[in-house]
There are 2 protein chains.
Amino acid sequence: MGWQKIEVNSSRPYPIILGNPLSELGAYLKAHWSSTGHVLVISHPEVLNHYQAPLLSGLNDYKVDVLVVPPGEQEKSLTRLNDLTTQAVSKGADRHTLVIALGGGVIGDLAGFFASVYMRGVKLVQVPTTLLAQVDSSIGGKVAVNHEAGKNLIGAFYPPMAVWTDFSTLETLPWSEIQNGLAETIKHALIDDLGLFEFLEEHKVQIRNRESAIYREMVTRSLAVKVRIVSQDEKEQGVRALLNLGHSFGHALETYSEYQEISHGQGVSVGLVAAGYTALEKGYIQQKELDRIIRLLHAFDLPTSAPGKDPERLLQLMAADKKNRRGQKVLILPKGLGKSVIDREVDDDLILYVWEKLTQE
Amino acid sequence: MGWQKIEVNSSRPYPIILGNPLSELGAYLKAHWSSTGHVLVISHPEVLNHYQAPLLSGLNDYKVDVLVVPPGEQEKSLTRLNDLTTQAVSKGADRHTLVIALGGGVIGDLAGFFASVYMRGVKLVQVPTTLLAQVDSSIGGKVAVNHEAGKNLIGAFYPPMAVWTDFSTLETLPWSEIQNGLAETIKHALIDDLGLFEFLEEHKVQIRNRESAIYREMVTRSLAVKVRIVSQDEKEQGVRALLNLGHSFGHALETYSEYQEISHGQGVSVGLVAAGYTALEKGYIQQKELDRIIRLLHAFDLPTSAPGKDPERLLQLMAADKKNRRGQKVLILPKGLGKSVIDREVDDDLILYVWEKLTQE
């Protein structure tokens with residue numbers, strides 16, 4: 001069958017299969033997986049409500065077990081990993097079992113990390129069902145659980161066998177979830193695709209109206225940016241840092257609000273504006289370019305400031321960013337629209353100035 | 001400097017540096033590790049008593065922190081992994097930190113697995129201080145922790161940056177620990193080095209007398225067998241299975257006695273004899289060859305039978321071996337001395353017959 005796909009280069013290259021129904025994954029496995037073994041689907045209850053039936057309808061030729069994980073970021077834990085292991089053993093999972101991670105970022109990270117360590121690693125297929133997971137978290141092989149001292153502190157780089165992306169799963173997604181993916185898509189556009197930025201500007205209404213043809217184009221272009229970057233730098237030694245555009249600022253804001261008050265997409269959105277102001281002060285972009293970024297974020301109801309927050313505290317939180325290198329902040333900044341740079345020479349004074357601007361009430 | 005070394009081929013090739021003092025590891029790092037960063041030594045209290053001073057004397061140019069793990073197999077746990085992560089964060093460990101695993105198999109597995117997942121993987125140097133770790137567990141990149149449902153159930157294939165082997169650490173080792181390594185060394189000789197088998201036969205007395213020149217030769221030849229095999233098959237897809245010679249039988253015996261009554265080396269020793277009897281029945285070896293195996297094991301006070309154990313139960317326990325493939329037992333058997341084969345066609349009747357023979361009182 002002619003699956004449309006994009007290849008990701010890595011220590012083990014793998015394809016992203018684009019826009020095919022979940023029910024066809026079984027046929028893909030038959031064509032590409034030599035084993036006739038055991039399949040372990042790991043997912044959330046609500047995702048299973050929607051997609052268990054179509055996914056399993058294609059897997060009739062396999063022994064399939066489903067492991068259910070409650071929703072929520074707190075499930076990305078060693079405790080849940082231990083529990084998944086117990087359940088997997090009881091289902092007879094062995095080193096020839098294949099794990100399907102069906103869901104958003106939490107499932108991709110948790111089930112992906114489980115697959116990377118169970119019996120020292122079993123095969124993994126990522127089936128991202130959210131926009132954020134489709135354009136971002138399912139690509140690049142990063143998997144992890146959290147630790148009380150930090151998010152994603154325990155994990156691995158573990159390329160899946162394939163990423164299976166069915167755009168129709170986006171149709172049932174709440175708008176807040178779409179926003180998370182749009183923030184990363186705007187980030188991808190800023191990093192490396194001016195044409196995507198313009199596409200988003202031109203199709204604001206269709207995106208809000210959830211027009212599927214527009215989503216197909218948008219998701220494909222957005223994830224292609226990530227594929228190009230991770231294919232050059234699997235283990236985050238260099239250019240992959242560009243994907244942190246907006247994230248150093250955004251993570252500080254997320255930590256500030258203890259991940260309750262604002263979503264990841266909202267953090268990234270404000271982070272993109274903060275990076276934009278910093279870039280403006282450094283002469284990397286013009287005011288009218290920054291205005292376009294802010295207008296585009298607004299069009300999707302994404303926040304572009306953080307009124308009332310303490311700028312000093314936000315600056316302090318950025319000092320704890322794990323991307324920093326020996327106390328030196330490593331920031332990614334836009335350079336015009338559609339290009340970005342790694343900047344290790346941004347003064348704390350400038351960062352504080354930017355946070356002061358963005359926290360005014 | 002001219003470090004004597006053997007290269008291991010893997011997804012990331014690495015050297016085993018042979019027979020150099022711990023105090024020189026720092027000089028090696030200066031020559032081969034571009035970072036000037038942070039070193040985290042993970043070890044047991046008793047090992048640190050002996051070796052912390054010489055190791056740290058060579059690491060003056062680095063910021064070094066030492067994390068102490070109590071002795072015992074039960075420390076290979078997710079709980080201890082979580083605790084090491086907490087401590088590492090508190091010491092300021094980041095993705096540029098290098099972990100030194102100083103100790104035997106438990107430390108190598110635990111600290112190695114920690115290094116493989118901390119911030120998705122940091123650099124690792126294995127410094128094996130026991131004979132078993134030097135000839136076997138430090139080589140090949142397997143790291144893991146245990147789970148209530150099985151040993152080494154959660155782990156990774158994680159090649160270290162280097163393995164640093166100082167033969168002088170063997171001098172303080174209790175005889176029971178030497179025995180564990182001798183069992184694996186006899187296994188290595190049987191798998192792929194008739195010359196090593198003869199060397200062991202010829203130097204029984206010197207080995208019991210702990211003569212260092214003999215150990216140097218023996219360890220180098222023994223680990224070279226493992227290096228040759230894992231270099232052909234990093235991820236245990238094929239020939240690496242040969243390293244399980246004696247282990248399918250031995251693990252059953254270890255599980256039977258719940259890892260209390262007999263050591264791993266004792267389990268392997270009986271397992272080698274069981275594999276030998278099986279091979280004898282299948283016509284792979286002659287009685288006089290089996291006698292030589294038994295005599296060599298006896299010479300080092302290693303057990304060659306399991307009187308009083310229940311043969312039916314031992315057979316049942318072998319059905320749970322995670323190396324089995326869909327219920328079919330995969331056994332490694334000696335073929336003469338110095339060669340071995342993978343045999344998937346051994347009847348349960350024959351295995352039971354062998355266990356009956358070995359469990360007679």
# chains A, B, ... in the order shown; residues from 1 in each chain; ligands from 1
$ closest_atom_pairs --of "chain A" --to "chain B" --cutoff "7 Å" --atoms "only C-alpha atoms" --output "JSON lines"
{"residue": "A:Leu78", "atom": "CA", "partner": "B:Leu78", "partner_atom": "CA", "distance": 6.9}
{"residue": "A:Thr86", "atom": "CA", "partner": "B:Ala149", "partner_atom": "CA", "distance": 6.7}
{"residue": "A:Val117", "atom": "CA", "partner": "B:Gly155", "partner_atom": "CA", "distance": 4.7}
{"residue": "A:Tyr118", "atom": "CA", "partner": "B:Ile154", "partner_atom": "CA", "distance": 5.0}
{"residue": "A:Met119", "atom": "CA", "partner": "B:Leu153", "partner_atom": "CA", "distance": 4.9}
{"residue": "A:Arg120", "atom": "CA", "partner": "B:Ala156", "partner_atom": "CA", "distance": 4.1}
{"residue": "A:Gly121", "atom": "CA", "partner": "B:Ala156", "partner_atom": "CA", "distance": 6.4}
{"residue": "A:Ala149", "atom": "CA", "partner": "B:Thr86", "partner_atom": "CA", "distance": 6.7}
{"residue": "A:Leu153", "atom": "CA", "partner": "B:Met119", "partner_atom": "CA", "distance": 4.8}
{"residue": "A:Ile154", "atom": "CA", "partner": "B:Tyr118", "partner_atom": "CA", "distance": 5.0}
{"residue": "A:Gly155", "atom": "CA", "partner": "B:Arg120", "partner_atom": "CA", "distance": 4.4}
{"residue": "A:Ala156", "atom": "CA", "partner": "B:Arg120", "partner_atom": "CA", "distance": 4.1}
{"residue": "A:Phe157", "atom": "CA", "partner": "B:Arg120", "partner_atom": "CA", "distance": 6.3}
$ write_last_selection --atoms "all heavy atoms" --output "compact mmCIF listing (two decimals), in the first residue's frame"
# COMPACT_ATOMS: atom_id res chain seq x y z
N LEU A 78 7.98 7.19 37.87
CA LEU A 78 8.57 5.86 38.05
C LEU A 78 7.56 4.90 38.66
O LEU A 78 7.59 3.70 38.38
CB LEU A 78 9.81 5.95 38.94
CG LEU A 78 11.06 6.58 38.32
CD1 LEU A 78 12.21 6.61 39.34
CD2 LEU A 78 11.50 5.83 37.06
N THR A 86 4.58 -4.38 35.88
CA THR A 86 3.84 -5.45 36.53
C THR A 86 2.73 -5.98 35.61
O THR A 86 2.58 -7.19 35.41
CB THR A 86 3.18 -4.94 37.84
OG1 THR A 86 4.20 -4.36 38.65
CG2 THR A 86 2.49 -6.07 38.59
N VAL A 117 12.73 0.71 28.14
CA VAL A 117 13.43 0.01 29.23
C VAL A 117 12.88 -1.38 29.52
O VAL A 117 13.55 -2.17 30.20
CB VAL A 117 13.46 0.84 30.53
CG1 VAL A 117 14.24 2.14 30.33
CG2 VAL A 117 12.05 1.11 31.07
N TYR A 118 11.66 -1.70 29.07
CA TYR A 118 11.09 -3.01 29.38
C TYR A 118 11.94 -4.10 28.71
O TYR A 118 12.10 -4.10 27.48
CB TYR A 118 9.64 -3.10 28.92
CG TYR A 118 8.95 -4.41 29.30
CD1 TYR A 118 8.60 -4.65 30.62
CD2 TYR A 118 8.69 -5.39 28.35
CE1 TYR A 118 7.98 -5.85 30.98
CE2 TYR A 118 8.08 -6.59 28.71
CZ TYR A 118 7.72 -6.81 30.03
OH TYR A 118 7.13 -8.00 30.38
N MET A 119 12.48 -5.00 29.51
CA MET A 119 13.41 -6.02 29.01
C MET A 119 14.50 -5.40 28.12
O MET A 119 14.88 -5.97 27.10
CB MET A 119 12.65 -7.13 28.28
CG MET A 119 11.75 -7.90 29.23
SD MET A 119 11.14 -9.45 28.52
CE MET A 119 10.30 -10.15 29.96
N ARG A 120 14.96 -4.23 28.53
CA ARG A 120 16.00 -3.45 27.83
C ARG A 120 15.57 -2.94 26.47
O ARG A 120 16.40 -2.67 25.60
CB ARG A 120 17.30 -4.25 27.69
CG ARG A 120 17.95 -4.61 29.02
CD ARG A 120 19.41 -5.00 28.85
NE ARG A 120 19.99 -5.33 30.13
CZ ARG A 120 19.99 -6.53 30.69
NH1 ARG A 120 19.42 -7.54 30.05
NH2 ARG A 120 20.54 -6.73 31.85
N GLY A 121 14.26 -2.82 26.27
CA GLY A 121 13.80 -2.17 25.05
C GLY A 121 13.03 -3.09 24.13
O GLY A 121 13.54 -4.09 23.66
N ALA A 149 12.30 16.49 41.35
CA ALA A 149 13.23 17.60 41.13
C ALA A 149 13.14 18.21 39.74
O ALA A 149 13.82 19.21 39.47
CB ALA A 149 14.67 17.14 41.40
N LEU A 153 13.18 14.32 33.83
CA LEU A 153 14.55 14.18 34.34
C LEU A 153 15.09 12.77 34.12
O LEU A 153 16.29 12.54 34.09
CB LEU A 153 14.54 14.51 35.84
CG LEU A 153 15.78 15.11 36.46
CD1 LEU A 153 16.29 16.26 35.62
CD2 LEU A 153 15.45 15.61 37.87
N ILE A 154 14.17 11.80 33.96
CA ILE A 154 14.57 10.40 33.78
C ILE A 154 13.99 9.93 32.45
O ILE A 154 12.77 9.84 32.30
CB ILE A 154 14.04 9.54 34.95
CG1 ILE A 154 14.64 10.02 36.27
CG2 ILE A 154 14.34 8.06 34.72
CD1 ILE A 154 14.09 9.34 37.50
N GLY A 155 14.84 9.64 31.48
CA GLY A 155 14.31 9.29 30.17
C GLY A 155 15.37 8.76 29.23
O GLY A 155 16.44 8.30 29.65
N ALA A 156 15.05 8.79 27.97
CA ALA A 156 15.95 8.22 26.96
C ALA A 156 15.69 8.86 25.60
O ALA A 156 14.67 9.52 25.40
CB ALA A 156 15.73 6.71 26.86
N PHE A 157 16.63 8.67 24.69
CA PHE A 157 16.39 8.92 23.27
C PHE A 157 16.08 7.55 22.67
O PHE A 157 16.95 6.68 22.63
CB PHE A 157 17.64 9.52 22.60
CG PHE A 157 17.93 10.93 23.04
CD1 PHE A 157 18.84 11.17 24.05
CD2 PHE A 157 17.31 12.00 22.44
CE1 PHE A 157 19.12 12.47 24.46
CE2 PHE A 157 17.57 13.31 22.84
CZ PHE A 157 18.48 13.54 23.85
$ residues_around --residues "A:Gly26" --least-positions-apart "3" --cutoff "8 Å" --atoms "only C-alpha atoms" --output "ChimeraX atom specification"
/A:23,29-30,55,58-60
$ residues_around --residues "stretch 290-302 of chain A" --least-positions-apart "5" --cutoff "8 Å" --atoms "only C-alpha atoms" --output "list in words"
Gln179, Leu182, Ala183, Ile186, Leu200, Glu201, Lys204, Arg208, Gly265, Gln266, Ser269, Val273, Gly276, Tyr277, Leu280 and Ile285 of chain A
$ write_last_selection --atoms "C-alpha atoms" --output "PDB file, in the first residue's frame"
ATOM      1  CA  GLN A 179      -4.074  25.756  21.013  1.00  0.00           C
ATOM      2  CA  LEU A 182      -0.795  25.786  17.415  1.00  0.00           C
ATOM      3  CA  ALA A 183       1.742  27.397  19.756  1.00  0.00           C
ATOM      4  CA  ILE A 186       3.918  28.904  15.216  1.00  0.00           C
ATOM      5  CA  LEU A 200      -1.174  30.325   9.275  1.00  0.00           C
ATOM      6  CA  GLU A 201      -1.779  34.039   8.822  1.00  0.00           C
ATOM      7  CA  LYS A 204      -6.717  31.794  10.692  1.00  0.00           C
ATOM      8  CA  ARG A 208     -10.538  28.110  14.002  1.00  0.00           C
ATOM      9  CA  GLY A 265       0.928  26.061  24.803  1.00  0.00           C
ATOM     10  CA  GLN A 266       0.178  29.223  26.734  1.00  0.00           C
ATOM     11  CA  SER A 269       3.055  31.491  23.423  1.00  0.00           C
ATOM     12  CA  VAL A 273       6.713  36.915  22.544  1.00  0.00           C
ATOM     13  CA  GLY A 276      10.611  38.225  20.181  1.00  0.00           C
ATOM     14  CA  TYR A 277      11.125  41.254  22.423  1.00  0.00           C
ATOM     15  CA  LEU A 280      13.977  43.116  18.904  1.00  0.00           C
ATOM     16  CA  ILE A 285      13.894  41.335  14.179  1.00  0.00           C
TER      17      ILE A 285
END
$ residues_around --residues "stretch 215-227 of chain B" --least-positions-apart "6" --cutoff "9 Å" --atoms "only C-alpha atoms" --output "PyMOL selection string"
chain B and resi 6-9+18-19+131+134-136+139-140+167+170+184-189+191-193+196+199-200+206-207+240+243
$ atom_distance --atom1 "atom CA of B:Leu358" --atom2 "atom CA of B:Ser305"
4.8 Å
$ select_by_dssp --residues "stretch 222-356 of chain A" --states "alpha helix (DSSP H)" --output "JSON, numbers by chain"
{"A": [222, 223, 224, 225, 226, 227, 228, 229, 230, 231, 232, 247, 248, 249, 250, 251, 252, 253, 254, 255, 256, 264, 265, 266, 267, 268, 269, 270, 271, 272, 273, 274, 275, 276, 277, 278, 279, 280, 281, 287, 288, 289, 290, 291, 292, 293, 294, 295, 296, 297, 298, 299, 311, 312, 313, 314, 315, 316, 317, 318, 348, 349, 350, 351, 352, 353, 354, 355, 356]}
$ atom_distance --atom1 "atom CA of A:Pro307" --atom2 "atom CA of A:Trp355"
9.7 Å
$ atom_distance --atom1 "atom CA of A:Glu46" --atom2 "atom CA of A:Pro303"
27.6 Å
$ closest_residue --among "A:Arg210, A:Lys76, A:His203, A:Lys91" --to "A:Gly112" --atoms "only C-alpha atoms"
A:Lys76
$ select_by_dssp --residues "stretch 9-84 of chain B" --states "strand (DSSP E)" --output "list in words"
Tyr14, Pro15, Ile16, Ile17, Leu18, His38, Val39, Leu40, Val41, Ile42, Ser43, Lys63, Val64, Asp65, Val66, Leu67 and Val68 of chain B
$ residues_around --residues "stretch 66-75 of chain A" --least-positions-apart "4" --cutoff "7 Å" --atoms "only C-alpha atoms" --output "mmCIF file with all heavy atoms, in the first residue's frame"
data_model
loop_
_atom_site.group_PDB
_atom_site.id
_atom_site.type_symbol
_atom_site.label_atom_id
_atom_site.label_comp_id
_atom_site.auth_asym_id
_atom_site.auth_seq_id
_atom_site.Cartn_x
_atom_site.Cartn_y
_atom_site.Cartn_z
ATOM 1 N N LEU A 40 0.939 -4.496 22.803
ATOM 2 C CA LEU A 40 0.493 -3.882 24.046
ATOM 3 C C LEU A 40 0.123 -2.440 23.727
ATOM 4 O O LEU A 40 0.990 -1.640 23.364
ATOM 5 C CB LEU A 40 1.659 -3.931 25.043
ATOM 6 C CG LEU A 40 1.443 -4.037 26.529
ATOM 7 C CD1 LEU A 40 0.513 -5.183 26.903
ATOM 8 C CD2 LEU A 40 2.801 -4.233 27.216
ATOM 9 N N VAL A 41 -1.165 -2.116 23.828
ATOM 10 C CA VAL A 41 -1.616 -0.738 23.596
ATOM 11 C C VAL A 41 -1.656 -0.030 24.947
ATOM 12 O O VAL A 41 -2.259 -0.538 25.897
ATOM 13 C CB VAL A 41 -3.016 -0.710 22.952
ATOM 14 C CG1 VAL A 41 -3.509 0.728 22.789
ATOM 15 C CG2 VAL A 41 -2.999 -1.435 21.608
ATOM 16 N N ILE A 42 -0.996 1.123 25.046
ATOM 17 C CA ILE A 42 -1.006 1.896 26.290
ATOM 18 C C ILE A 42 -1.680 3.229 25.991
ATOM 19 O O ILE A 42 -1.287 3.931 25.057
ATOM 20 C CB ILE A 42 0.419 2.090 26.840
ATOM 21 C CG1 ILE A 42 1.080 0.726 27.078
ATOM 22 C CG2 ILE A 42 0.396 2.918 28.129
ATOM 23 C CD1 ILE A 42 2.497 0.790 27.624
ATOM 24 N N SER A 43 -2.718 3.553 26.798
ATOM 25 C CA SER A 43 -3.503 4.746 26.473
ATOM 26 C C SER A 43 -4.312 5.222 27.678
ATOM 27 O O SER A 43 -4.337 4.582 28.726
ATOM 28 C CB SER A 43 -4.440 4.445 25.298
ATOM 29 O OG SER A 43 -5.033 5.619 24.803
ATOM 30 N N HIS A 44 -4.949 6.376 27.504
ATOM 31 C CA HIS A 44 -5.846 6.936 28.511
ATOM 32 C C HIS A 44 -7.278 6.430 28.280
ATOM 33 O O HIS A 44 -7.647 6.140 27.140
ATOM 34 C CB HIS A 44 -5.878 8.457 28.394
ATOM 35 C CG HIS A 44 -4.630 9.137 28.824
ATOM 36 N ND1 HIS A 44 -3.911 8.781 29.938
ATOM 37 C CD2 HIS A 44 -3.962 10.191 28.285
ATOM 38 C CE1 HIS A 44 -2.865 9.578 30.068
ATOM 39 N NE2 HIS A 44 -2.868 10.440 29.066
ATOM 40 N N PRO A 45 -8.115 6.392 29.323
ATOM 41 C CA PRO A 45 -9.500 5.926 29.174
ATOM 42 C C PRO A 45 -10.255 6.694 28.093
ATOM 43 O O PRO A 45 -10.918 6.091 27.245
ATOM 44 C CB PRO A 45 -10.116 6.197 30.552
ATOM 45 C CG PRO A 45 -8.973 6.284 31.493
ATOM 46 C CD PRO A 45 -7.800 6.774 30.711
ATOM 47 N N ARG A 80 4.341 4.777 38.031
ATOM 48 C CA ARG A 80 3.506 4.275 36.938
ATOM 49 C C ARG A 80 4.314 3.332 36.039
ATOM 50 O O ARG A 80 3.791 2.339 35.532
ATOM 51 C CB ARG A 80 2.925 5.438 36.129
ATOM 52 C CG ARG A 80 2.021 5.046 34.983
ATOM 53 C CD ARG A 80 0.815 4.214 35.373
ATOM 54 N NE ARG A 80 -0.099 4.892 36.273
ATOM 55 C CZ ARG A 80 -1.167 4.336 36.828
ATOM 56 N NH1 ARG A 80 -1.461 3.061 36.561
ATOM 57 N NH2 ARG A 80 -1.925 5.004 37.662
ATOM 58 N N VAL A 106 1.675 12.934 27.169
ATOM 59 C CA VAL A 106 1.913 12.147 28.388
ATOM 60 C C VAL A 106 2.069 10.670 28.036
ATOM 61 O O VAL A 106 3.010 10.002 28.475
ATOM 62 C CB VAL A 106 0.767 12.354 29.412
ATOM 63 C CG1 VAL A 106 0.854 11.335 30.538
ATOM 64 C CG2 VAL A 106 0.814 13.769 29.974
#
